[in-house]
Amino acid sequence: MTAPLRLVIFDVDGTLVDSQGHIVASMTMAFNALGVDVPDRAAILGIVGLSLDVAMPVLAPALTPTQHAALVQGYKDSYRTLRLAHGAAEASPLYPGALAALQKFAASDDILLGVATGKSKRGLDALIEAHGLERMFVTRQCADFHPSKPHPSMIHTALSEAGVDAANAVMVGDTSFDMDMAQAAGVAGIGVTWGYHAPEALSAATHIVQDFDALHTTITTHWSLPV
């Protein structure tokens with residue numbers, strides 16, 4: 001009997017890459033350009049993973065929809081400026097062990113890889129190209145085409161594109177939004193502790209891991225795959 005295809009879906013910011021420096025800098029530039037108080041670093045990192053149109057009202061609830069829209073555009077412009085100035089790989093370096101883990105999963109004939117991120121398509125494509133990952137992911141889901149996390153739309157589309165059942169998929173992420181999205185989509189959620197939400201925020205996770213070696217072990221154990 002042929003083994004079913006499995007799908008490992010990764011969040012990006014805070015899971016595969018550490019982009020917090022440029023996220024905080026871009027958000028600071030956007031708020032400064034509007035002349036309003038900049039949220040503190042913890043608050044900014046707390047909304048990573050949400051689509052920008054959802055994140056801005058969380059960060060600045062007293063502002064108007066017009067001001068929120070200006071912050072969204074200001075953030076996009078600032079992030080693009082910094083990315084062009086420094087390069088996407090420098091702006092968002094891969095976490096230690098991330099590339100080796102992706103390569104190990106990709107080497108398995110019955111495991112497919114995907115991403116589900118609050119980034120824009122332009123930002124995601126630039127990041128993937130900068131790190132030479134163009135052929136790594138069979139499905140790429142981003143904020144341009146879906147409701148914000150934790151809505152399950154990204155995972156549902158990833159499953160459809162990959163031709164994989166929910167029982168044979170996992171969502172790997174660092175935030176409560178990722179774990180809630182996984183739960184809503186009916187897939188196992190694997191929370192990672194090196195990202196932007198504290199481990200105690202990952203209560204909806206099926207498993208929580210401390211590093212990429214543990215991630216591989218956890219996923220193979222979850223599906224009872226040979227190591």
# chains A, B, ... in the order shown; residues from 1 in each chain; ligands from 1
call {"tool": "residues_around", "arguments": {"residues": "Val58 (chain A)", "least_positions_apart": "4", "cutoff": "10 Å", "atoms": "only C-alpha atoms", "output": "NGL selection string"}}
result
:A and (43-44 or 46-47 or 50 or 52-54 or 62 or 68)
call {"tool": "closest_residue", "arguments": {"among": "A:Ala130, A:Ala198, A:Val192, A:Ile208", "to": "Ala91 (chain A)", "atoms": "only C-alpha atoms"}}
result
A:Ala130
call {"tool": "select_by_dssp", "arguments": {"residues": "region 56-207 of chain A", "states": "alpha helix (DSSP H)", "output": "PDB file with N, CA, C and O atoms, in the first residue's frame"}}
result
ATOM      1  N   MET A  56      -3.146  46.686  12.455  1.00  0.00           N
ATOM      2  CA  MET A  56      -3.068  48.115  12.804  1.00  0.00           C
ATOM      3  C   MET A  56      -4.138  48.539  13.815  1.00  0.00           C
ATOM      4  O   MET A  56      -3.830  49.267  14.777  1.00  0.00           O
ATOM      5  N   PRO A  57      -5.394  48.129  13.683  1.00  0.00           N
ATOM      6  CA  PRO A  57      -6.367  48.473  14.720  1.00  0.00           C
ATOM      7  C   PRO A  57      -6.044  47.864  16.081  1.00  0.00           C
ATOM      8  O   PRO A  57      -6.424  48.425  17.116  1.00  0.00           O
ATOM      9  N   VAL A  58      -5.351  46.729  16.091  1.00  0.00           N
ATOM     10  CA  VAL A  58      -4.931  46.147  17.363  1.00  0.00           C
ATOM     11  C   VAL A  58      -3.855  47.011  18.007  1.00  0.00           C
ATOM     12  O   VAL A  58      -3.881  47.280  19.215  1.00  0.00           O
ATOM     13  N   LEU A  59      -2.920  47.486  17.191  1.00  0.00           N
ATOM     14  CA  LEU A  59      -1.825  48.305  17.707  1.00  0.00           C
ATOM     15  C   LEU A  59      -2.275  49.708  18.085  1.00  0.00           C
ATOM     16  O   LEU A  59      -1.737  50.307  19.018  1.00  0.00           O
ATOM     17  N   PRO A  65     -10.153  54.534  10.707  1.00  0.00           N
ATOM     18  CA  PRO A  65      -9.859  53.627   9.590  1.00  0.00           C
ATOM     19  C   PRO A  65      -8.937  54.250   8.537  1.00  0.00           C
ATOM     20  O   PRO A  65      -8.096  53.557   7.963  1.00  0.00           O
ATOM     21  N   THR A  66      -9.096  55.542   8.293  1.00  0.00           N
ATOM     22  CA  THR A  66      -8.218  56.217   7.330  1.00  0.00           C
ATOM     23  C   THR A  66      -6.777  56.212   7.822  1.00  0.00           C
ATOM     24  O   THR A  66      -5.832  55.988   7.048  1.00  0.00           O
ATOM     25  N   GLN A  67      -6.589  56.459   9.124  1.00  0.00           N
ATOM     26  CA  GLN A  67      -5.249  56.423   9.685  1.00  0.00           C
ATOM     27  C   GLN A  67      -4.668  55.012   9.681  1.00  0.00           C
ATOM     28  O   GLN A  67      -3.483  54.813   9.416  1.00  0.00           O
ATOM     29  N   HIS A  68      -5.524  54.022   9.946  1.00  0.00           N
ATOM     30  CA  HIS A  68      -5.058  52.633   9.886  1.00  0.00           C
ATOM     31  C   HIS A  68      -4.584  52.289   8.480  1.00  0.00           C
ATOM     32  O   HIS A  68      -3.550  51.624   8.296  1.00  0.00           O
ATOM     33  N   ALA A  69      -5.341  52.725   7.477  1.00  0.00           N
ATOM     34  CA  ALA A  69      -4.954  52.466   6.094  1.00  0.00           C
ATOM     35  C   ALA A  69      -3.623  53.137   5.763  1.00  0.00           C
ATOM     36  O   ALA A  69      -2.781  52.573   5.044  1.00  0.00           O
ATOM     37  N   ALA A  70      -3.421  54.352   6.295  1.00  0.00           N
ATOM     38  CA  ALA A  70      -2.156  55.057   6.065  1.00  0.00           C
ATOM     39  C   ALA A  70      -1.000  54.313   6.727  1.00  0.00           C
ATOM     40  O   ALA A  70       0.111  54.247   6.178  1.00  0.00           O
ATOM     41  N   LEU A  71      -1.235  53.731   7.901  1.00  0.00           N
ATOM     42  CA  LEU A  71      -0.193  52.956   8.579  1.00  0.00           C
ATOM     43  C   LEU A  71       0.149  51.698   7.785  1.00  0.00           C
ATOM     44  O   LEU A  71       1.323  51.327   7.689  1.00  0.00           O
ATOM     45  N   VAL A  72      -0.865  51.050   7.241  1.00  0.00           N
ATOM     46  CA  VAL A  72      -0.620  49.853   6.425  1.00  0.00           C
ATOM     47  C   VAL A  72       0.275  50.203   5.249  1.00  0.00           C
ATOM     48  O   VAL A  72       1.282  49.528   4.984  1.00  0.00           O
ATOM     49  N   GLN A  73      -0.072  51.264   4.525  1.00  0.00           N
ATOM     50  CA  GLN A  73       0.739  51.650   3.369  1.00  0.00           C
ATOM     51  C   GLN A  73       2.125  52.112   3.795  1.00  0.00           C
ATOM     52  O   GLN A  73       3.123  51.800   3.136  1.00  0.00           O
ATOM     53  N   GLY A  74       2.188  52.840   4.907  1.00  0.00           N
ATOM     54  CA  GLY A  74       3.479  53.299   5.402  1.00  0.00           C
ATOM     55  C   GLY A  74       4.387  52.148   5.782  1.00  0.00           C
ATOM     56  O   GLY A  74       5.599  52.174   5.516  1.00  0.00           O
ATOM     57  N   TYR A  75       3.804  51.124   6.398  1.00  0.00           N
ATOM     58  CA  TYR A  75       4.598  49.945   6.761  1.00  0.00           C
ATOM     59  C   TYR A  75       5.106  49.242   5.510  1.00  0.00           C
ATOM     60  O   TYR A  75       6.285  48.872   5.423  1.00  0.00           O
ATOM     61  N   LYS A  76       4.233  49.039   4.538  1.00  0.00           N
ATOM     62  CA  LYS A  76       4.643  48.360   3.307  1.00  0.00           C
ATOM     63  C   LYS A  76       5.773  49.117   2.612  1.00  0.00           C
ATOM     64  O   LYS A  76       6.765  48.519   2.172  1.00  0.00           O
ATOM     65  N   ASP A  77       5.621  50.440   2.528  1.00  0.00           N
ATOM     66  CA  ASP A  77       6.648  51.250   1.868  1.00  0.00           C
ATOM     67  C   ASP A  77       7.966  51.189   2.631  1.00  0.00           C
ATOM     68  O   ASP A  77       9.046  51.064   2.024  1.00  0.00           O
ATOM     69  N   SER A  78       7.894  51.280   3.950  1.00  0.00           N
ATOM     70  CA  SER A  78       9.106  51.266   4.771  1.00  0.00           C
ATOM     71  C   SER A  78       9.811  49.917   4.692  1.00  0.00           C
ATOM     72  O   SER A  78      11.037  49.840   4.566  1.00  0.00           O
ATOM     73  N   TYR A  79       9.024  48.840   4.763  1.00  0.00           N
ATOM     74  CA  TYR A  79       9.627  47.508   4.714  1.00  0.00           C
ATOM     75  C   TYR A  79      10.298  47.274   3.361  1.00  0.00           C
ATOM     76  O   TYR A  79      11.410  46.735   3.290  1.00  0.00           O
ATOM     77  N   ARG A  80       9.646  47.719   2.299  1.00  0.00           N
ATOM     78  CA  ARG A  80      10.231  47.554   0.961  1.00  0.00           C
ATOM     79  C   ARG A  80      11.512  48.367   0.837  1.00  0.00           C
ATOM     80  O   ARG A  80      12.515  47.882   0.284  1.00  0.00           O
ATOM     81  N   THR A  81      11.512  49.588   1.373  1.00  0.00           N
ATOM     82  CA  THR A  81      12.711  50.417   1.326  1.00  0.00           C
ATOM     83  C   THR A  81      13.877  49.751   2.051  1.00  0.00           C
ATOM     84  O   THR A  81      15.011  49.702   1.545  1.00  0.00           O
ATOM     85  N   LEU A  82      13.610  49.213   3.230  1.00  0.00           N
ATOM     86  CA  LEU A  82      14.659  48.546   3.999  1.00  0.00           C
ATOM     87  C   LEU A  82      15.121  47.263   3.308  1.00  0.00           C
ATOM     88  O   LEU A  82      16.318  46.943   3.305  1.00  0.00           O
ATOM     89  N   ARG A  83      14.173  46.544   2.717  1.00  0.00           N
ATOM     90  CA  ARG A  83      14.538  45.306   2.027  1.00  0.00           C
ATOM     91  C   ARG A  83      15.432  45.598   0.829  1.00  0.00           C
ATOM     92  O   ARG A  83      16.418  44.894   0.585  1.00  0.00           O
ATOM     93  N   LEU A  84      15.103  46.638   0.075  1.00  0.00           N
ATOM     94  CA  LEU A  84      15.913  46.995  -1.081  1.00  0.00           C
ATOM     95  C   LEU A  84      17.289  47.505  -0.665  1.00  0.00           C
ATOM     96  O   LEU A  84      18.284  47.275  -1.347  1.00  0.00           O
ATOM     97  N   ALA A  85      17.333  48.191   0.476  1.00  0.00           N
ATOM     98  CA  ALA A  85      18.604  48.744   0.948  1.00  0.00           C
ATOM     99  C   ALA A  85      19.531  47.673   1.493  1.00  0.00           C
ATOM    100  O   ALA A  85      20.764  47.747   1.322  1.00  0.00           O
ATOM    101  N   HIS A  86      18.966  46.681   2.146  1.00  0.00           N
ATOM    102  CA  HIS A  86      19.790  45.692   2.850  1.00  0.00           C
ATOM    103  C   HIS A  86      19.737  44.294   2.245  1.00  0.00           C
ATOM    104  O   HIS A  86      20.595  43.460   2.561  1.00  0.00           O
ATOM    105  N   ALA A  88      16.809  41.068   1.123  1.00  0.00           N
ATOM    106  CA  ALA A  88      15.827  40.310   1.888  1.00  0.00           C
ATOM    107  C   ALA A  88      16.468  39.285   2.809  1.00  0.00           C
ATOM    108  O   ALA A  88      15.972  39.019   3.905  1.00  0.00           O
ATOM    109  N   ALA A  89      17.583  38.708   2.390  1.00  0.00           N
ATOM    110  CA  ALA A  89      18.240  37.697   3.225  1.00  0.00           C
ATOM    111  C   ALA A  89      18.796  38.311   4.498  1.00  0.00           C
ATOM    112  O   ALA A  89      18.746  37.698   5.572  1.00  0.00           O
ATOM    113  N   GLU A  90      19.316  39.530   4.394  1.00  0.00           N
ATOM    114  CA  GLU A  90      19.822  40.212   5.597  1.00  0.00           C
ATOM    115  C   GLU A  90      18.671  40.713   6.452  1.00  0.00           C
ATOM    116  O   GLU A  90      18.726  40.636   7.689  1.00  0.00           O
ATOM    117  N   ALA A  91      17.617  41.210   5.809  1.00  0.00           N
ATOM    118  CA  ALA A  91      16.474  41.721   6.559  1.00  0.00           C
ATOM    119  C   ALA A  91      15.774  40.609   7.333  1.00  0.00           C
ATOM    120  O   ALA A  91      15.257  40.836   8.428  1.00  0.00           O
ATOM    121  N   ALA A  98      17.209  26.064  10.227  1.00  0.00           N
ATOM    122  CA  ALA A  98      15.995  26.085   9.402  1.00  0.00           C
ATOM    123  C   ALA A  98      16.231  25.468   8.033  1.00  0.00           C
ATOM    124  O   ALA A  98      15.443  24.631   7.562  1.00  0.00           O
ATOM    125  N   LEU A  99      17.307  25.861   7.369  1.00  0.00           N
ATOM    126  CA  LEU A  99      17.568  25.355   6.021  1.00  0.00           C
ATOM    127  C   LEU A  99      17.802  23.850   6.036  1.00  0.00           C
ATOM    128  O   LEU A  99      17.253  23.122   5.204  1.00  0.00           O
ATOM    129  N   ALA A 100      18.582  23.375   6.996  1.00  0.00           N
ATOM    130  CA  ALA A 100      18.850  21.937   7.085  1.00  0.00           C
ATOM    131  C   ALA A 100      17.558  21.166   7.325  1.00  0.00           C
ATOM    132  O   ALA A 100      17.349  20.086   6.756  1.00  0.00           O
ATOM    133  N   ALA A 101      16.677  21.718   8.170  1.00  0.00           N
ATOM    134  CA  ALA A 101      15.403  21.048   8.443  1.00  0.00           C
ATOM    135  C   ALA A 101      14.540  20.989   7.188  1.00  0.00           C
ATOM    136  O   ALA A 101      13.942  19.950   6.876  1.00  0.00           O
ATOM    137  N   LEU A 102      14.460  22.097   6.455  1.00  0.00           N
ATOM    138  CA  LEU A 102      13.680  22.111   5.217  1.00  0.00           C
ATOM    139  C   LEU A 102      14.228  21.094   4.224  1.00  0.00           C
ATOM    140  O   LEU A 102      13.470  20.354   3.580  1.00  0.00           O
ATOM    141  N   GLN A 103      15.542  21.053   4.094  1.00  0.00           N
ATOM    142  CA  GLN A 103      16.161  20.116   3.154  1.00  0.00           C
ATOM    143  C   GLN A 103      15.905  18.669   3.557  1.00  0.00           C
ATOM    144  O   GLN A 103      15.680  17.813   2.698  1.00  0.00           O
ATOM    145  N   LYS A 104      15.905  18.409   4.852  1.00  0.00           N
ATOM    146  CA  LYS A 104      15.664  17.048   5.332  1.00  0.00           C
ATOM    147  C   LYS A 104      14.238  16.617   5.041  1.00  0.00           C
ATOM    148  O   LYS A 104      13.996  15.492   4.571  1.00  0.00           O
ATOM    149  N   PHE A 105      13.280  17.503   5.290  1.00  0.00           N
ATOM    150  CA  PHE A 105      11.888  17.175   4.972  1.00  0.00           C
ATOM    151  C   PHE A 105      11.716  16.997   3.463  1.00  0.00           C
ATOM    152  O   PHE A 105      11.042  16.067   3.008  1.00  0.00           O
ATOM    153  N   ALA A 106      12.311  17.905   2.687  1.00  0.00           N
ATOM    154  CA  ALA A 106      12.144  17.874   1.229  1.00  0.00           C
ATOM    155  C   ALA A 106      12.744  16.625   0.611  1.00  0.00           C
ATOM    156  O   ALA A 106      12.326  16.200  -0.479  1.00  0.00           O
ATOM    157  N   LYS A 121       2.432  38.787  -1.031  1.00  0.00           N
ATOM    158  CA  LYS A 121       3.042  37.918  -2.040  1.00  0.00           C
ATOM    159  C   LYS A 121       4.384  38.482  -2.485  1.00  0.00           C
ATOM    160  O   LYS A 121       5.358  37.732  -2.661  1.00  0.00           O
ATOM    161  N   ARG A 122       4.451  39.785  -2.689  1.00  0.00           N
ATOM    162  CA  ARG A 122       5.704  40.392  -3.124  1.00  0.00           C
ATOM    163  C   ARG A 122       6.805  40.155  -2.092  1.00  0.00           C
ATOM    164  O   ARG A 122       7.932  39.783  -2.437  1.00  0.00           O
ATOM    165  N   GLY A 123       6.478  40.364  -0.816  1.00  0.00           N
ATOM    166  CA  GLY A 123       7.472  40.165   0.234  1.00  0.00           C
ATOM    167  C   GLY A 123       7.871  38.712   0.372  1.00  0.00           C
ATOM    168  O   GLY A 123       9.059  38.399   0.567  1.00  0.00           O
ATOM    169  N   LEU A 124       6.891  37.800   0.272  1.00  0.00           N
ATOM    170  CA  LEU A 124       7.190  36.377   0.389  1.00  0.00           C
ATOM    171  C   LEU A 124       8.053  35.903  -0.768  1.00  0.00           C
ATOM    172  O   LEU A 124       9.046  35.192  -0.563  1.00  0.00           O
ATOM    173  N   ASP A 125       7.698  36.306  -1.979  1.00  0.00           N
ATOM    174  CA  ASP A 125       8.476  35.885  -3.143  1.00  0.00           C
ATOM    175  C   ASP A 125       9.909  36.393  -3.066  1.00  0.00           C
ATOM    176  O   ASP A 125      10.858  35.661  -3.393  1.00  0.00           O
ATOM    177  N   ALA A 126      10.083  37.640  -2.629  1.00  0.00           N
ATOM    178  CA  ALA A 126      11.424  38.201  -2.509  1.00  0.00           C
ATOM    179  C   ALA A 126      12.243  37.439  -1.479  1.00  0.00           C
ATOM    180  O   ALA A 126      13.438  37.173  -1.680  1.00  0.00           O
ATOM    181  N   LEU A 127      11.606  37.076  -0.383  1.00  0.00           N
ATOM    182  CA  LEU A 127      12.303  36.343   0.678  1.00  0.00           C
ATOM    183  C   LEU A 127      12.710  34.945   0.203  1.00  0.00           C
ATOM    184  O   LEU A 127      13.847  34.504   0.425  1.00  0.00           O
ATOM    185  N   ILE A 128      11.795  34.255  -0.436  1.00  0.00           N
ATOM    186  CA  ILE A 128      12.083  32.907  -0.917  1.00  0.00           C
ATOM    187  C   ILE A 128      13.210  32.931  -1.946  1.00  0.00           C
ATOM    188  O   ILE A 128      14.130  32.098  -1.919  1.00  0.00           O
ATOM    189  N   GLU A 129      13.173  33.912  -2.837  1.00  0.00           N
ATOM    190  CA  GLU A 129      14.238  34.030  -3.845  1.00  0.00           C
ATOM    191  C   GLU A 129      15.580  34.349  -3.189  1.00  0.00           C
ATOM    192  O   GLU A 129      16.617  33.777  -3.561  1.00  0.00           O
ATOM    193  N   ALA A 130      15.573  35.246  -2.209  1.00  0.00           N
ATOM    194  CA  ALA A 130      16.811  35.644  -1.551  1.00  0.00           C
ATOM    195  C   ALA A 130      17.503  34.474  -0.864  1.00  0.00           C
ATOM    196  O   ALA A 130      18.740  34.404  -0.800  1.00  0.00           O
ATOM    197  N   SER A 153      -8.532  29.738   6.046  1.00  0.00           N
ATOM    198  CA  SER A 153      -8.510  29.758   4.581  1.00  0.00           C
ATOM    199  C   SER A 153      -7.149  29.367   4.004  1.00  0.00           C
ATOM    200  O   SER A 153      -7.078  28.623   3.011  1.00  0.00           O
ATOM    201  N   MET A 154      -6.065  29.871   4.583  1.00  0.00           N
ATOM    202  CA  MET A 154      -4.738  29.564   4.043  1.00  0.00           C
ATOM    203  C   MET A 154      -4.468  28.065   4.068  1.00  0.00           C
ATOM    204  O   MET A 154      -3.951  27.487   3.099  1.00  0.00           O
ATOM    205  N   ILE A 155      -4.797  27.424   5.173  1.00  0.00           N
ATOM    206  CA  ILE A 155      -4.542  25.989   5.294  1.00  0.00           C
ATOM    207  C   ILE A 155      -5.460  25.203   4.373  1.00  0.00           C
ATOM    208  O   ILE A 155      -5.024  24.250   3.702  1.00  0.00           O
ATOM    209  N   HIS A 156      -6.724  25.576   4.297  1.00  0.00           N
ATOM    210  CA  HIS A 156      -7.640  24.875   3.406  1.00  0.00           C
ATOM    211  C   HIS A 156      -7.143  24.927   1.960  1.00  0.00           C
ATOM    212  O   HIS A 156      -7.178  23.911   1.239  1.00  0.00           O
ATOM    213  N   THR A 157      -6.661  26.078   1.534  1.00  0.00           N
ATOM    214  CA  THR A 157      -6.166  26.206   0.162  1.00  0.00           C
ATOM    215  C   THR A 157      -4.878  25.423  -0.027  1.00  0.00           C
ATOM    216  O   THR A 157      -4.671  24.787  -1.070  1.00  0.00           O
ATOM    217  N   ALA A 158      -4.004  25.448   0.975  1.00  0.00           N
ATOM    218  CA  ALA A 158      -2.758  24.687   0.894  1.00  0.00           C
ATOM    219  C   ALA A 158      -3.049  23.194   0.754  1.00  0.00           C
ATOM    220  O   ALA A 158      -2.421  22.494  -0.061  1.00  0.00           O
ATOM    221  N   LEU A 159      -4.000  22.689   1.532  1.00  0.00           N
ATOM    222  CA  LEU A 159      -4.368  21.279   1.440  1.00  0.00           C
ATOM    223  C   LEU A 159      -4.892  20.947   0.048  1.00  0.00           C
ATOM    224  O   LEU A 159      -4.544  19.910  -0.538  1.00  0.00           O
ATOM    225  N   SER A 160      -5.732  21.823  -0.477  1.00  0.00           N
ATOM    226  CA  SER A 160      -6.303  21.593  -1.796  1.00  0.00           C
ATOM    227  C   SER A 160      -5.228  21.591  -2.873  1.00  0.00           C
ATOM    228  O   SER A 160      -5.209  20.707  -3.749  1.00  0.00           O
ATOM    229  N   GLU A 161      -4.326  22.568  -2.827  1.00  0.00           N
ATOM    230  CA  GLU A 161      -3.275  22.651  -3.842  1.00  0.00           C
ATOM    231  C   GLU A 161      -2.314  21.471  -3.775  1.00  0.00           C
ATOM    232  O   GLU A 161      -1.810  21.006  -4.798  1.00  0.00           O
ATOM    233  N   ALA A 162      -2.049  20.988  -2.569  1.00  0.00           N
ATOM    234  CA  ALA A 162      -1.111  19.879  -2.393  1.00  0.00           C
ATOM    235  C   ALA A 162      -1.778  18.517  -2.580  1.00  0.00           C
ATOM    236  O   ALA A 162      -1.089  17.508  -2.748  1.00  0.00           O
ATOM    237  N   SER A 176       0.137  32.282  18.544  1.00  0.00           N
ATOM    238  CA  SER A 176      -1.195  31.756  18.834  1.00  0.00           C
ATOM    239  C   SER A 176      -2.069  31.792  17.594  1.00  0.00           C
ATOM    240  O   SER A 176      -2.946  30.932  17.424  1.00  0.00           O
ATOM    241  N   PHE A 177      -1.825  32.762  16.701  1.00  0.00           N
ATOM    242  CA  PHE A 177      -2.622  32.846  15.473  1.00  0.00           C
ATOM    243  C   PHE A 177      -2.414  31.599  14.613  1.00  0.00           C
ATOM    244  O   PHE A 177      -3.359  31.084  14.014  1.00  0.00           O
ATOM    245  N   ASP A 178      -1.171  31.120  14.555  1.00  0.00           N
ATOM    246  CA  ASP A 178      -0.872  29.911  13.777  1.00  0.00           C
ATOM    247  C   ASP A 178      -1.568  28.687  14.375  1.00  0.00           C
ATOM    248  O   ASP A 178      -2.139  27.871  13.657  1.00  0.00           O
ATOM    249  N   MET A 179      -1.485  28.577  15.702  1.00  0.00           N
ATOM    250  CA  MET A 179      -2.068  27.399  16.350  1.00  0.00           C
ATOM    251  C   MET A 179      -3.589  27.434  16.284  1.00  0.00           C
ATOM    252  O   MET A 179      -4.237  26.400  16.081  1.00  0.00           O
ATOM    253  N   ASP A 180      -4.187  28.601  16.429  1.00  0.00           N
ATOM    254  CA  ASP A 180      -5.643  28.719  16.321  1.00  0.00           C
ATOM    255  C   ASP A 180      -6.098  28.438  14.888  1.00  0.00           C
ATOM    256  O   ASP A 180      -7.160  27.835  14.674  1.00  0.00           O
ATOM    257  N   MET A 181      -5.314  28.878  13.915  1.00  0.00           N
ATOM    258  CA  MET A 181      -5.626  28.600  12.515  1.00  0.00           C
ATOM    259  C   MET A 181      -5.580  27.099  12.248  1.00  0.00           C
ATOM    260  O   MET A 181      -6.457  26.549  11.571  1.00  0.00           O
ATOM    261  N   ALA A 182      -4.551  26.435  12.764  1.00  0.00           N
ATOM    262  CA  ALA A 182      -4.433  24.992  12.584  1.00  0.00           C
ATOM    263  C   ALA A 182      -5.639  24.275  13.179  1.00  0.00           C
ATOM    264  O   ALA A 182      -6.231  23.387  12.553  1.00  0.00           O
ATOM    265  N   GLN A 183      -6.000  24.675  14.390  1.00  0.00           N
ATOM    266  CA  GLN A 183      -7.146  24.046  15.062  1.00  0.00           C
ATOM    267  C   GLN A 183      -8.423  24.260  14.259  1.00  0.00           C
ATOM    268  O   GLN A 183      -9.224  23.331  14.088  1.00  0.00           O
ATOM    269  N   ALA A 184      -8.601  25.479  13.744  1.00  0.00           N
ATOM    270  CA  ALA A 184      -9.808  25.777  12.962  1.00  0.00           C
ATOM    271  C   ALA A 184      -9.859  24.973  11.671  1.00  0.00           C
ATOM    272  O   ALA A 184     -10.946  24.648  11.176  1.00  0.00           O
ATOM    273  N   ALA A 185      -8.683  24.647  11.122  1.00  0.00           N
ATOM    274  CA  ALA A 185      -8.618  23.897   9.870  1.00  0.00           C
ATOM    275  C   ALA A 185      -8.621  22.393  10.078  1.00  0.00           C
ATOM    276  O   ALA A 185      -8.680  21.633   9.104  1.00  0.00           O
TER     277      ALA A 185
END
call {"tool": "select_by_dssp", "arguments": {"residues": "region 58-198 of chain A", "states": "strand (DSSP E)", "output": "PyMOL selection string"}}
result
chain A and resi 111-116+139-141+169-173+188-192
call {"tool": "write_last_selection", "arguments": {"atoms": "N, CA, C and O atoms", "output": "mmCIF file, in the first residue's frame"}}
result
data_model
loop_
_atom_site.group_PDB
_atom_site.id
_atom_site.type_symbol
_atom_site.label_atom_id
_atom_site.label_comp_id
_atom_site.auth_asym_id
_atom_site.auth_seq_id
_atom_site.Cartn_x
_atom_site.Cartn_y
_atom_site.Cartn_z
ATOM 1 N N ILE A 111 6.743 13.599 1.733
ATOM 2 C CA ILE A 111 6.485 14.830 2.473
ATOM 3 C C ILE A 111 6.611 16.030 1.536
ATOM 4 O O ILE A 111 7.622 16.198 0.846
ATOM 5 N N LEU A 112 5.569 16.845 1.513
ATOM 6 C CA LEU A 112 5.555 18.098 0.766
ATOM 7 C C LEU A 112 5.651 19.258 1.747
ATOM 8 O O LEU A 112 5.259 19.124 2.913
ATOM 9 N N LEU A 113 6.129 20.387 1.273
ATOM 10 C CA LEU A 113 6.286 21.564 2.118
ATOM 11 C C LEU A 113 5.480 22.731 1.568
ATOM 12 O O LEU A 113 5.343 22.891 0.349
ATOM 13 N N GLY A 114 4.947 23.544 2.487
ATOM 14 C CA GLY A 114 4.226 24.739 2.098
ATOM 15 C C GLY A 114 4.452 25.846 3.102
ATOM 16 O O GLY A 114 5.061 25.635 4.159
ATOM 17 N N VAL A 115 3.986 27.042 2.776
ATOM 18 C CA VAL A 115 4.051 28.163 3.709
ATOM 19 C C VAL A 115 2.683 28.824 3.797
ATOM 20 O O VAL A 115 1.914 28.845 2.831
ATOM 21 N N ALA A 116 2.393 29.374 4.971
ATOM 22 C CA ALA A 116 1.180 30.149 5.202
ATOM 23 C C ALA A 116 1.589 31.341 6.059
ATOM 24 O O ALA A 116 1.995 31.174 7.210
ATOM 25 N N THR A 139 3.211 24.853 -2.193
ATOM 26 C CA THR A 139 2.081 25.769 -2.027
ATOM 27 C C THR A 139 2.528 26.936 -1.167
ATOM 28 O O THR A 139 3.218 26.755 -0.160
ATOM 29 N N ARG A 140 2.172 28.147 -1.597
ATOM 30 C CA ARG A 140 2.536 29.367 -0.870
ATOM 31 C C ARG A 140 1.265 30.188 -0.648
ATOM 32 O O ARG A 140 0.676 30.700 -1.613
ATOM 33 N N GLN A 141 0.873 30.321 0.592
ATOM 34 C CA GLN A 141 -0.333 31.083 0.938
ATOM 35 C C GLN A 141 0.078 32.345 1.683
ATOM 36 O O GLN A 141 0.887 32.288 2.611
ATOM 37 N N ALA A 169 -1.586 16.530 7.490
ATOM 38 C CA ALA A 169 -0.916 17.826 7.435
ATOM 39 C C ALA A 169 -0.654 18.345 8.839
ATOM 40 O O ALA A 169 -1.374 18.015 9.786
ATOM 41 N N VAL A 170 0.389 19.159 8.966
ATOM 42 C CA VAL A 170 0.676 19.870 10.208
ATOM 43 C C VAL A 170 0.988 21.323 9.873
ATOM 44 O O VAL A 170 1.482 21.627 8.787
ATOM 45 N N MET A 171 0.689 22.189 10.813
ATOM 46 C CA MET A 171 1.019 23.609 10.702
ATOM 47 C C MET A 171 2.073 23.930 11.742
ATOM 48 O O MET A 171 1.875 23.687 12.940
ATOM 49 N N VAL A 172 3.207 24.480 11.306
ATOM 50 C CA VAL A 172 4.309 24.822 12.201
ATOM 51 C C VAL A 172 4.390 26.339 12.323
ATOM 52 O O VAL A 172 4.513 27.041 11.316
ATOM 53 N N GLY A 173 4.295 26.858 13.551
ATOM 54 C CA GLY A 173 4.332 28.304 13.712
ATOM 55 C C GLY A 173 4.700 28.721 15.119
ATOM 56 O O GLY A 173 4.730 27.896 16.039
ATOM 57 N N ALA A 188 -3.032 19.282 12.795
ATOM 58 C CA ALA A 188 -2.216 19.377 14.000
ATOM 59 C C ALA A 188 -1.374 20.648 13.961
ATOM 60 O O ALA A 188 -0.820 21.009 12.915
ATOM 61 N N GLY A 189 -1.272 21.320 15.093
ATOM 62 C CA GLY A 189 -0.450 22.520 15.200
ATOM 63 C C GLY A 189 0.799 22.227 16.004
ATOM 64 O O GLY A 189 0.719 21.663 17.096
ATOM 65 N N ILE A 190 1.948 22.606 15.465
ATOM 66 C CA ILE A 190 3.211 22.418 16.167
ATOM 67 C C ILE A 190 3.790 23.797 16.465
ATOM 68 O O ILE A 190 4.187 24.537 15.555
ATOM 69 N N GLY A 191 3.791 24.163 17.736
ATOM 70 C CA GLY A 191 4.295 25.460 18.147
ATOM 71 C C GLY A 191 5.791 25.419 18.385
ATOM 72 O O GLY A 191 6.312 24.460 18.948
ATOM 73 N N VAL A 192 6.480 26.468 17.940
ATOM 74 C CA VAL A 192 7.925 26.578 18.163
ATOM 75 C C VAL A 192 8.194 27.691 19.167
ATOM 76 O O VAL A 192 7.493 28.710 19.185
#
call {"tool": "closest_residue", "arguments": {"among": "A:Met29, A:Met136, A:Thr193, A:Pro152", "to": "Ala166 (chain A)", "atoms": "only C-alpha atoms"}}
result
A:Pro152
